[in-house]
>>> print(open('work19.json').read())   # JSON, C-alpha atoms
[["chain", "number", "residue", "atom", "x", "y", "z"],
["I", 931, "MET", "CA", -185.62, -39.32, -85.58],
["I", 932, "LYS", "CA", -183.07, -41.29, -83.61],
["I", 933, "PRO", "CA", -179.41, -41.05, -84.50],
["I", 934, "ALA", "CA", -178.55, -43.89, -86.84],
["I", 935, "GLU", "CA", -176.03, -45.54, -84.60],
["I", 936, "PRO", "CA", -175.76, -49.34, -84.60],
["I", 937, "ALA", "CA", -178.34, -51.02, -82.40],
["I", 938, "ARG", "CA", -175.69, -53.12, -80.65],
["I", 939, "GLN", "CA", -174.08, -50.05, -79.16],
["I", 940, "ARG", "CA", -177.31, -48.65, -77.87],
["I", 941, "ARG", "CA", -178.09, -51.88, -76.10],
["I", 942, "PHE", "CA", -175.01, -51.51, -73.91],
["I", 943, "GLY", "CA", -175.49, -47.87, -73.12],
["I", 944, "ARG", "CA", -175.44, -46.50, -69.60],
["I", 945, "ARG", "CA", -178.22, -47.88, -67.49],
["I", 946, "LYS", "CA", -180.72, -45.32, -66.39],
["I", 947, "VAL", "CA", -182.05, -45.55, -62.87],
["I", 948, "CYS", "CA", -185.45, -44.24, -62.00],
["I", 949, "PRO", "CA", -184.83, -40.93, -60.20],
["I", 950, "PHE", "CA", -187.76, -41.57, -57.87],
["I", 951, "CYS", "CA", -186.50, -44.99, -56.84],
["I", 952, "ALA", "CA", -183.03, -43.59, -56.33],
["I", 953, "ASP", "CA", -184.29, -40.85, -54.07],
["I", 954, "LYS", "CA", -187.20, -42.03, -51.98],
["I", 955, "THR", "CA", -187.79, -38.60, -50.53],
["I", 956, "LEU", "CA", -188.84, -37.27, -53.92],
["I", 957, "TYR", "CA", -192.57, -37.01, -53.95],
["I", 958, "ILE", "CA", -194.49, -36.88, -57.19],
["I", 959, "ASP", "CA", -196.96, -34.10, -56.70],
["I", 960, "TYR", "CA", -199.09, -32.40, -59.31],
["I", 961, "LYS", "CA", -198.63, -29.15, -57.40],
["I", 962, "THR", "CA", -194.94, -28.90, -58.19],
["I", 963, "PRO", "CA", -194.73, -28.13, -61.91],
["I", 964, "SER", "CA", -191.05, -27.24, -61.60],
["I", 965, "MET", "CA", -190.25, -30.86, -60.83],
["I", 966, "LEU", "CA", -192.67, -32.34, -63.36],
["I", 967, "LYS", "CA", -191.28, -30.14, -66.09],
["I", 968, "ARG", "CA", -188.30, -32.42, -66.39],
["I", 969, "PHE", "CA", -190.58, -35.13, -67.69],
["I", 970, "ILE", "CA", -192.27, -33.32, -70.52],
["I", 971, "SER", "CA", -190.85, -32.45, -73.90],
["I", 972, "GLU", "CA", -190.53, -28.93, -75.24],
["I", 973, "ARG", "CA", -193.79, -29.54, -76.95],
["I", 974, "GLY", "CA", -195.41, -30.36, -73.63],
["I", 975, "LYS", "CA", -195.73, -34.09, -74.26],
["I", 976, "ILE", "CA", -195.01, -36.60, -71.52],
["I", 977, "VAL", "CA", -191.60, -38.16, -72.09],
["I", 978, "PRO", "CA", -191.77, -41.96, -72.51],
["I", 979, "ARG", "CA", -190.00, -43.86, -69.79],
["I", 980, "ARG", "CA", -187.85, -45.63, -72.32],
["I", 981, "ILE", "CA", -186.15, -42.27, -72.65],
["I", 982, "SER", "CA", -186.42, -40.82, -69.16],
["I", 983, "GLY", "CA", -185.60, -44.08, -67.38],
["I", 984, "VAL", "CA", -188.45, -43.76, -64.89],
["I", 985, "CYS", "CA", -189.78, -47.09, -63.58],
["I", 986, "ALA", "CA", -193.31, -48.23, -64.38],
["I", 987, "MET", "CA", -194.79, -47.39, -60.99],
["I", 988, "HIS", "CA", -193.41, -43.89, -60.95],
["I", 989, "GLN", "CA", -194.25, -43.28, -64.57],
["I", 990, "ARG", "CA", -197.87, -44.01, -63.70],
["I", 991, "ALA", "CA", -197.72, -41.60, -60.80],
["I", 992, "LEU", "CA", -196.07, -39.01, -63.03],
["I", 993, "GLN", "CA", -198.72, -39.47, -65.65],
["I", 994, "THR", "CA", -201.57, -38.68, -63.28],
["I", 995, "ALA", "CA", -199.63, -35.83, -61.73],
["I", 996, "ILE", "CA", -198.92, -34.19, -65.08],
["I", 997, "LYS", "CA", -202.51, -34.61, -66.21],
["I", 998, "ARG", "CA", -203.78, -33.08, -63.00],
["I", 999, "ALA", "CA", -201.35, -30.21, -63.30],
["I", 1000, "ARG", "CA", -202.63, -29.58, -66.80],
["I", 1001, "ILE", "CA", -206.20, -29.27, -65.63],
["I", 1002, "VAL", "CA", -205.37, -26.40, -63.29],
["I", 1003, "ALA", "CA", -203.12, -24.74, -65.88],
["I", 1004, "LEU", "CA", -199.93, -25.35, -63.94],
["I", 1005, "MET", "CA", -198.58, -27.14, -66.98],
["I", 1006, "PRO", "CA", -199.37, -26.84, -70.67],
["I", 1007, "TYR", "CA", -201.32, -29.37, -72.71],
["I", 1008, "SER", "CA", -199.18, -28.30, -75.61],
["I", 1009, "SER", "CA", -196.87, -25.48, -76.41],
["I", 1010, "SER", "CA", -195.51, -24.48, -79.76],
["I", 1011, "THR", "CA", -192.48, -22.77, -78.29],
["I", 1012, "ALA", "CA", -189.64, -24.15, -76.23],
["I", 1013, "ASP", "CA", -189.92, -23.71, -72.48],
["N", 1456, "MET", "CA", -220.08, -39.32, -39.74],
["N", 1457, "LEU", "CA", -217.64, -40.52, -42.29],
["N", 1458, "VAL", "CA", -215.52, -37.86, -43.88],
["N", 1459, "ARG", "CA", -212.62, -37.90, -46.25],
["N", 1460, "LEU", "CA", -209.69, -35.67, -46.83],
["N", 1461, "TYR", "CA", -209.82, -33.54, -49.95],
["N", 1462, "GLU", "CA", -207.95, -30.70, -51.46],
["N", 1463, "THR", "CA", -209.31, -28.29, -53.99],
["N", 1464, "ILE", "CA", -207.36, -25.87, -56.08],
["N", 1465, "PHE", "CA", -209.27, -23.07, -57.65],
["N", 1466, "ILE", "CA", -208.23, -20.13, -59.77],
["N", 1467, "THR", "CA", -209.94, -16.79, -59.49],
["N", 1468, "ARG", "CA", -209.77, -13.87, -61.87],
["N", 1469, "LEU", "CA", -207.17, -11.26, -61.02],
["N", 1470, "ASP", "CA", -209.74, -8.50, -60.65],
["N", 1471, "THR", "CA", -211.63, -10.42, -57.98],
["N", 1472, "GLU", "CA", -212.20, -8.42, -54.83],
["N", 1473, "ALA", "CA", -211.11, -9.75, -51.49],
["N", 1474, "ASP", "CA", -214.61, -9.84, -50.05],
["N", 1475, "ALA", "CA", -215.86, -11.84, -53.03],
["N", 1476, "VAL", "CA", -213.33, -14.50, -52.18],
["N", 1477, "GLU", "CA", -214.34, -14.31, -48.55],
["N", 1478, "LYS", "CA", -217.98, -14.81, -49.50],
["N", 1479, "LEU", "CA", -217.02, -17.79, -51.62],
["N", 1480, "ARG", "CA", -215.04, -19.21, -48.73],
["N", 1481, "LEU", "CA", -218.06, -18.92, -46.47],
["N", 1482, "ARG", "CA", -220.24, -20.69, -49.00],
["N", 1483, "LEU", "CA", -217.70, -23.49, -49.30],
["N", 1484, "ALA", "CA", -217.36, -23.76, -45.54],
["N", 1485, "LYS", "CA", -221.11, -23.99, -45.20],
["N", 1486, "ALA", "CA", -221.29, -26.75, -47.82],
["N", 1487, "ILE", "CA", -218.56, -28.71, -46.09],
["N", 1488, "GLU", "CA", -219.94, -28.41, -42.61],
["N", 1489, "THR", "CA", -223.34, -29.83, -43.49],
["N", 1490, "ASP", "CA", -222.16, -33.42, -43.08],
["N", 1491, "GLY", "CA", -219.64, -32.93, -40.31],
["N", 1492, "GLY", "CA", -216.76, -31.79, -42.45],
["N", 1493, "VAL", "CA", -214.01, -29.48, -41.27],
["N", 1494, "GLU", "CA", -212.17, -26.74, -43.07],
["N", 1495, "LEU", "CA", -208.45, -27.26, -42.59],
["N", 1496, "LYS", "CA", -206.55, -24.86, -44.69],
["N", 1497, "LEU", "CA", -207.12, -22.09, -47.15],
["N", 1498, "ALA", "CA", -203.94, -20.81, -48.68],
["N", 1499, "ASP", "CA", -203.48, -18.04, -51.18],
["N", 1500, "TRP", "CA", -200.84, -19.05, -53.68],
["N", 1501, "GLY", "CA", -201.02, -15.66, -55.25],
["N", 1502, "LYS", "CA", -200.82, -14.58, -58.84],
["N", 1503, "ARG", "CA", -199.52, -17.07, -61.34],
["N", 1504, "LYS", "CA", -199.19, -17.19, -65.06],
["N", 1505, "LEU", "CA", -201.55, -19.78, -66.50],
["N", 1506, "ALA", "CA", -199.97, -22.42, -68.70],
["N", 1507, "TYR", "CA", -202.69, -21.68, -71.22],
["N", 1508, "GLU", "CA", -205.44, -19.12, -71.50],
["N", 1509, "ILE", "CA", -208.66, -19.77, -69.64],
["N", 1510, "ALA", "CA", -211.61, -17.53, -70.48],
["N", 1511, "LYS", "CA", -209.24, -15.08, -72.16],
["N", 1512, "GLN", "CA", -207.24, -14.75, -68.96],
["N", 1513, "LYS", "CA", -203.47, -15.19, -69.04],
["N", 1514, "LYS", "CA", -202.96, -14.94, -65.32],
["N", 1515, "GLY", "CA", -204.94, -16.07, -62.35],
["N", 1516, "ASN", "CA", -204.95, -16.09, -58.61],
["N", 1517, "TYR", "CA", -204.45, -19.59, -57.18],
["N", 1518, "TRP", "CA", -206.13, -20.80, -54.01],
["N", 1519, "TYR", "CA", -205.49, -23.99, -52.16],
["N", 1520, "PHE", "CA", -208.24, -25.37, -49.98],
["N", 1521, "GLY", "CA", -207.80, -28.44, -47.80],
["N", 1522, "TYR", "CA", -210.69, -29.94, -45.88],
["N", 1523, "LEU", "CA", -212.40, -32.96, -44.46],
["N", 1524, "ALA", "CA", -215.82, -33.55, -45.89],
["N", 1525, "ALA", "CA", -218.44, -36.10, -46.78],
["N", 1526, "PRO", "CA", -218.52, -37.03, -50.48],
["N", 1527, "ALA", "CA", -221.88, -35.34, -51.01],
["N", 1528, "ALA", "CA", -220.54, -32.11, -49.55],
["N", 1529, "VAL", "CA", -217.75, -32.06, -52.10],
["N", 1530, "LYS", "CA", -220.33, -32.16, -54.83],
["N", 1531, "GLU", "CA", -222.02, -29.10, -53.36],
["N", 1532, "CYS", "CA", -218.66, -27.42, -52.97],
["N", 1533, "GLU", "CA", -217.85, -27.93, -56.62],
["N", 1534, "ARG", "CA", -221.28, -26.68, -57.57],
["N", 1535, "GLN", "CA", -220.59, -23.45, -55.73],
["N", 1536, "LEU", "CA", -217.28, -23.08, -57.52],
["N", 1537, "ARG", "CA", -218.91, -23.74, -60.86],
["N", 1538, "LEU", "CA", -221.60, -21.15, -60.25],
["N", 1539, "SER", "CA", -219.16, -18.50, -59.18],
["N", 1540, "THR", "CA", -218.20, -16.12, -61.97],
["N", 1541, "GLU", "CA", -214.88, -15.29, -60.35],
["N", 1542, "VAL", "CA", -213.60, -18.85, -60.51],
["N", 1543, "LEU", "CA", -211.84, -19.76, -63.72],
["N", 1544, "ARG", "CA", -211.01, -23.34, -62.92],
["N", 1545, "TYR", "CA", -211.18, -25.76, -60.01],
["N", 1546, "GLN", "CA", -210.02, -29.25, -59.28],
["N", 1547, "THR", "CA", -210.65, -31.47, -56.29],
["N", 1548, "VAL", "CA", -208.40, -34.36, -55.40],
["N", 1549, "ARG", "CA", -209.07, -36.92, -52.70],
["N", 1550, "LEU", "CA", -206.05, -37.33, -50.53],
["N", 1551, "SER", "CA", -206.51, -40.63, -48.75],
["N", 1552, "GLU", "CA", -208.59, -43.61, -47.93],
["N", 1553, "LEU", "CA", -211.31, -43.23, -45.34],
["N", 1554, "SER", "CA", -210.19, -40.95, -42.61],
["N", 1555, "GLN", "CA", -211.93, -40.09, -39.40],
["N", 1556, "LEU", "CA", -212.36, -36.62, -38.04],
["N", 1557, "THR", "CA", -210.07, -36.93, -35.08],
["N", 1558, "ASP", "CA", -206.68, -38.27, -35.99],
["N", 1559, "PHE", "CA", -205.11, -37.34, -39.24],
["N", 1560, "ASP", "CA", -201.86, -35.90, -40.36],
["N", 1561, "VAL", "CA", -202.09, -34.08, -43.63],
["N", 1562, "GLU", "CA", -198.45, -34.58, -44.44],
["N", 1563, "ALA", "CA", -198.55, -38.30, -43.78],
["N", 1564, "GLU", "CA", -201.72, -38.71, -45.78],
["N", 1565, "ARG", "CA", -200.16, -37.01, -48.71],
["N", 1566, "ASN", "CA", -197.30, -39.43, -48.71],
["N", 1567, "ARG", "CA", -199.54, -42.44, -48.41],
["N", 1568, "VAL", "CA", -201.64, -41.56, -51.42],
["N", 1569, "VAL", "CA", -198.94, -41.82, -53.99],
["N", 1570, "GLY", "CA", -197.51, -44.89, -52.34],
["N", 1571, "LEU", "CA", -193.97, -43.59, -52.31],
["N", 1572, "THR", "CA", -193.40, -44.76, -48.78],
["N", 1573, "PRO", "CA", -192.23, -48.34, -49.06],
["N", 1574, "GLU", "CA", -193.97, -50.85, -46.83],
["N", 1575, "ARG", "CA", -190.69, -52.50, -46.05],
["N", 1576, "GLU", "CA", -187.25, -51.04, -46.33],
["N", 1577, "GLU", "CA", -185.15, -52.79, -48.92],
["N", 1578, "ASP", "CA", -181.44, -53.04, -48.38],
["N", 1579, "GLU", "CA", -179.19, -51.64, -51.05],
["N", 1580, "GLU", "CA", -178.38, -54.89, -52.76],
["N", 1581, "GLU", "CA", -182.03, -55.79, -53.13],
["N", 1582, "GLN", "CA", -182.72, -52.38, -54.58],
["N", 1583, "TYR", "CA", -179.94, -52.75, -57.05],
["N", 1584, "LEU", "CA", -181.08, -56.19, -58.17],
["N", 1585, "ARG", "CA", -184.64, -55.04, -58.55],
["N", 1586, "ARG", "CA", -183.62, -52.06, -60.59],
["N", 1587, "GLN", "CA", -181.62, -54.28, -62.89],
["N", 1588, "ASP", "CA", -184.62, -56.53, -63.32],
["N", 1589, "GLU", "CA", -186.80, -53.56, -64.05],
["N", 1590, "TYR", "CA", -184.30, -52.34, -66.54],
["N", 1591, "ARG", "CA", -184.29, -55.62, -68.41],
["N", 1592, "GLY", "CA", -188.05, -55.79, -68.18],
["N", 1593, "SER", "CA", -188.42, -52.36, -69.68],
["N", 1594, "ARG", "CA", -186.47, -53.43, -72.72],
["N", 1595, "GLY", "CA", -189.52, -55.09, -74.13],
["N", 1596, "ARG", "CA", -189.98, -56.90, -77.40],
["N", 1597, "ARG", "CA", -191.18, -53.72, -79.06],
["N", 1598, "ASP", "CA", -187.83, -52.11, -78.44],
["N", 1599, "ASP", "CA", -185.96, -55.03, -79.90],
["N", 1600, "ASP", "CA", -188.14, -54.93, -82.95],
["N", 1601, "GLU", "CA", -187.26, -51.31, -83.32],
["N", 1602, "ASP", "CA", -183.60, -52.15, -83.17],
["N", 1603, "GLU", "CA", -184.02, -54.78, -85.82],
["N", 1604, "ALA", "CA", -185.94, -52.39, -87.97],
["N", 1605, "MET", "CA", -183.07, -49.96, -87.65],
["N", 1606, "GLU", "CA", -180.67, -52.67, -88.72],
["N", 1607, "ASP", "CA", -182.84, -53.50, -91.67],
["N", 1608, "LEU", "CA", -182.79, -49.90, -92.70],
["N", 1609, "ALA", "CA", -179.03, -49.81, -92.44]]
>>> encode(input="work19.json", output="structure tokens")
Amino acid sequence: MKPAEPARQRRFGRRKVCPFCADKTLYIDYKTPSMLKRFISERGKIVPRRISGVCAMHQRALQTAIKRARIVALMPYSSSTAD
Amino acid sequence: MLVRLYETIFITRLDTEADAVEKLRLRLAKAIETDGGVELKLADWGKRKLAYEIAKQKKGNYWYFGYLAAPAAVKECERQLRLSTEVLRYQTVRLSELSQLTDFDVEAERNRVVGLTPEREEDEEEQYLRRQDEYRGSRGRRDDDEDEAMEDLA
């Protein structure tokens, strides 16, 4: 559940910039779970971009990368414990 | 003959003997070469903990295999991996659009696939403006509704 702070305040919060747009050398690769790990929750779910601040294009790339990483057991489909 | 660039990751059981892997490699190489493919790279990533158990195994030995092959050859390659009892899991990913045998640069192809290399360099101001636009765009109606719902609750 989100903290019950007034909506007005949230609207003027700090703007998040997509980390992949900010650093063009970052390459989204399903073979680097250490990097992808930042974009999954403790449960192993993919973090929505409304929270992570990733842009649409890179979120799509992330999505495929994470799903591919899951297939070869580099990343979990789900985990009951914290990483 | 038209070939494409592929990479396959496969995981073998820890108790797999070296010559079993070598045999598998030969079978894969044979499959690839049928239609003018070329084996580029076979790398042993070594032992790794699996993110989840596969066939009761908690750890596996990862192998990375990069090659040029015709689409039909990939099918045969995957069939070989499926038949092998040592292989726990495999995955093949195509790395680029059509690529010819002669000139290719694996590194460059990799970058092209994901489309991270911009076609035209933006200057900083453009980037900033676009990011702002994207930010506003991402605050969709759904989000606003949520905010209102929160207000209603309060």
>>> atom_distance(input="work19.json", atom1="atom CA of Ala1510 of chain N", atom2="atom CA of Glu1494 of chain N")
28.9 Å
>>> interface_residues(input="work19.json", of="chain I", to="chain N", cutoff="8 Å", atoms="all atoms listed in the file", output="list in words")
Ala934, Pro936, Ala937, Arg945, Lys946, Val947, Lys954, Tyr957, Ile958, Arg980, Cys985, Ala991, Arg1000, Ile1001, Val1002, Ala1003, Leu1004, Met1005, Pro1006 and Tyr1007 of chain I
>>> atom_distance(input="work19.json", atom1="atom CA of Ala1524 of chain N", atom2="atom CA of Gly1501 of chain N")
25.0 Å
>>> atom_distance(input="work19.json", atom1="atom CA of Glu1488 of chain N", atom2="atom CA of Thr1463 of chain N")
15.6 Å
>>> residues_around(input="work19.json", residues="Ser982 of chain I", least_positions_apart="6", cutoff="10 Å", atoms="only C-alpha atoms", output="list in words")
Lys946, Val947, Cys948, Pro949, Arg968, Phe969, Ile970, Ile976 and Gln989 of chain I
>>> decode(input="work19.json", residues="segment 971-987 of chain I", atoms="N, CA, C and O atoms", output="short mmCIF file (atom, residue, chain, number, x, y, z; two decimals), in the first residue's frame")
data_model
loop_
_atom_site.label_atom_id
_atom_site.label_comp_id
_atom_site.auth_asym_id
_atom_site.auth_seq_id
_atom_site.Cartn_x
_atom_site.Cartn_y
_atom_site.Cartn_z
N SER I 971 11.28 -6.81 -8.16
CA SER I 971 11.01 -6.65 -6.74
C SER I 971 11.64 -7.81 -5.97
O SER I 971 12.17 -8.74 -6.56
N GLU I 972 11.53 -7.76 -4.66
CA GLU I 972 12.07 -8.86 -3.86
C GLU I 972 11.39 -10.16 -4.20
O GLU I 972 11.98 -11.24 -4.11
N ARG I 973 10.16 -10.03 -4.58
CA ARG I 973 9.35 -11.18 -4.94
C ARG I 973 9.76 -11.75 -6.30
O ARG I 973 9.35 -12.83 -6.70
N GLY I 974 10.49 -10.96 -7.07
CA GLY I 974 10.89 -11.40 -8.39
C GLY I 974 10.03 -10.82 -9.50
O GLY I 974 10.20 -11.14 -10.66
N LYS I 975 9.08 -9.96 -9.12
CA LYS I 975 8.22 -9.35 -10.14
C LYS I 975 8.93 -8.18 -10.82
O LYS I 975 9.74 -7.49 -10.20
N ILE I 976 8.58 -7.94 -12.07
CA ILE I 976 9.14 -6.80 -12.79
C ILE I 976 8.53 -5.51 -12.23
O ILE I 976 7.32 -5.41 -12.09
N VAL I 977 9.41 -4.57 -11.91
CA VAL I 977 8.95 -3.31 -11.32
C VAL I 977 8.30 -2.45 -12.41
O VAL I 977 8.88 -2.25 -13.48
N PRO I 978 7.10 -1.93 -12.16
CA PRO I 978 6.45 -1.07 -13.15
C PRO I 978 7.24 0.21 -13.37
O PRO I 978 7.89 0.70 -12.46
N ARG I 979 7.19 0.73 -14.58
CA ARG I 979 8.03 1.88 -14.88
C ARG I 979 7.56 3.15 -14.19
O ARG I 979 8.32 4.09 -14.04
N ARG I 980 6.31 3.13 -13.75
CA ARG I 980 5.82 4.27 -12.98
C ARG I 980 6.62 4.40 -11.70
O ARG I 980 6.76 5.47 -11.13
N ILE I 981 7.18 3.30 -11.25
CA ILE I 981 8.01 3.35 -10.04
C ILE I 981 9.50 3.49 -10.38
O ILE I 981 10.21 4.29 -9.80
N SER I 982 9.95 2.71 -11.36
CA SER I 982 11.39 2.73 -11.64
C SER I 982 11.81 3.92 -12.49
O SER I 982 12.98 4.28 -12.52
N GLY I 983 10.86 4.53 -13.20
CA GLY I 983 11.19 5.69 -14.01
C GLY I 983 11.79 5.36 -15.36
O GLY I 983 12.25 6.24 -16.08
N VAL I 984 11.78 4.10 -15.73
CA VAL I 984 12.33 3.69 -17.03
C VAL I 984 11.36 4.13 -18.14
O VAL I 984 10.15 4.09 -17.96
N CYS I 985 11.89 4.56 -19.28
CA CYS I 985 11.02 5.00 -20.37
C CYS I 985 10.40 3.79 -21.07
O CYS I 985 10.85 2.66 -20.89
N ALA I 986 9.40 4.04 -21.88
CA ALA I 986 8.62 2.95 -22.47
C ALA I 986 9.49 2.02 -23.31
O ALA I 986 9.42 0.80 -23.19
N MET I 987 10.35 2.61 -24.13
CA MET I 987 11.18 1.79 -25.02
C MET I 987 12.08 0.85 -24.22
O MET I 987 12.18 -0.34 -24.50
#
